[in-house]
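Asker: Just dropping this structure here.
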Amino acid sequence: MRTVQVVGIGLGDPGQLTLDAVEALGGVDVVVLLHKPGPADELTTIRAKIVERFAPQARVVERDDAVRDRTSPDYEGATERWRDERAALYEQTLLDEVPDGGSCALLVWGDPAIYDGTVEMLHRLDARGRVALDWRVVPGLGAPTVLAAAHRTTLTRTARAATITPARRVLDDSVDSGEADLVVMLDSAKDHGLDHLPDDATVYWGAYVGTPDEVLIAGRVGDVRAEILAARATHRERKGWLMDTYLVRRK
């Protein structure tokens, strides 16, 4: 039996780790870090610094992450294939690098419950039955929460619904007609959910929230849309990758 801790680490600031996360990291034998291709590997470097600070006793195992095809017209199918490949990668790494009776941590950006496949991946490992696991999830501060705090607002309003949605559902108009406020994540490099929002909505936008590179813009969508799109292009060009989130109040 191998013990696995799925640890939410917030958005790069070590101060965002909870005491539970610090305790979990301080008690594991191994930490697995996956390298991403290109400039986005900066996220792995940040994870490594967190491990150095909070898990100095752990042996670090590094692997190249499975490559995800984000251009496929079959987005859901491509995502499923990527998750299967990632599950196989983690499975073999656990068998090779974590001894029976040992423990391991997997570091998840933000919160494992919000648009991250690690929990689903571990369910798949359990179902495959090749490696016996005892695992738990340690929640972390996710991008929506950090965004709201940065803008000194809240994600919810009294007696109103809030929907967390990927940008593609805004693009294809499959989000509800406007009763719920939106927290929009996973916007792409070329298509923008903001283009499909009414001018009179209010937006709270942030990129790299909770890090030294944080950029914040807020206002009426019609007034700040061009400013946000320009900021997205500028900062993606500067860093080679972009991670942004925005809250939209439509009424």
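Identifiers in the structure tokens: chain A, B, ... in order shown; residue index from 1 per chain; ligand index from 1 in order shown.
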Name all residues at most 12 Å from Ala159 in chain A (count only C-alpha atoms; drop same-chain ones fewer than 5 positions away) and give them as a PDB file with N, CA, C and O atoms, in the first residue's frame.
Answerer:
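Dumped to out.pdb:
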ATOM      1  N   GLU A 179     -28.908  34.774 -15.462  1.00  0.00           N
ATOM      2  CA  GLU A 179     -29.334  34.878 -14.073  1.00  0.00           C
ATOM      3  C   GLU A 179     -28.158  34.731 -13.099  1.00  0.00           C
ATOM      4  O   GLU A 179     -28.140  35.343 -12.043  1.00  0.00           O
ATOM      5  N   ALA A 180     -27.184  33.914 -13.467  1.00  0.00           N
ATOM      6  CA  ALA A 180     -26.055  33.672 -12.569  1.00  0.00           C
ATOM      7  C   ALA A 180     -24.866  34.557 -12.946  1.00  0.00           C
ATOM      8  O   ALA A 180     -24.629  34.846 -14.117  1.00  0.00           O
ATOM      9  N   ASP A 181     -24.120  34.998 -11.925  1.00  0.00           N
ATOM     10  CA  ASP A 181     -22.815  35.600 -12.183  1.00  0.00           C
ATOM     11  C   ASP A 181     -21.875  34.498 -12.651  1.00  0.00           C
ATOM     12  O   ASP A 181     -22.074  33.318 -12.361  1.00  0.00           O
TER      13      ASP A 181
END
Asker: If we count only C-alpha atoms and set the cut-off at 12 Å, which residues sit around Gly102 in chain A, ignoring sequence neighbours fewer than 4 positions away in its own chain? Please answer as a ChimeraX atom specification.
Answerer: /A:1-5,27-31,58-59,94-98,132-135
Asker: Going by DSSP on the backbone, which bits of range 59-237 of chain A are helix (DSSP H, G or I)? Write them as an NGL selection string, please.
Answerer: :A and (75-97 or 118-128 or 143-150 or 167-171 or 193-196 or 221-237)
Asker: As a PyMOL selection string, please: the residues near Ala87 in chain A (cut-off 12 Å, only C-alpha atoms, same-chain neighbours under 2 positions excluded).
Answerer: chain A and resi 65-66+80-85+89-94+117-128+130-131
Asker: Rank nothing, just name the residue among A:Ile228, A:Val6, A:Leu182, A:Val61 nearest to Asp111 in chain A, using only C-alpha atoms.
Answerer: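 Distance minimum relative to Asp111 in chain A lands on A:Val6.
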Asker: Tell me, which residues of range 8-236 of chain A carry DSSP strand (DSSP E or B), written as a PyMOL selection string?
Answerer: chain A and resi 8+10+30-35+59-64+103-108+110+133-138+162-166+181-185+202-207+215-220
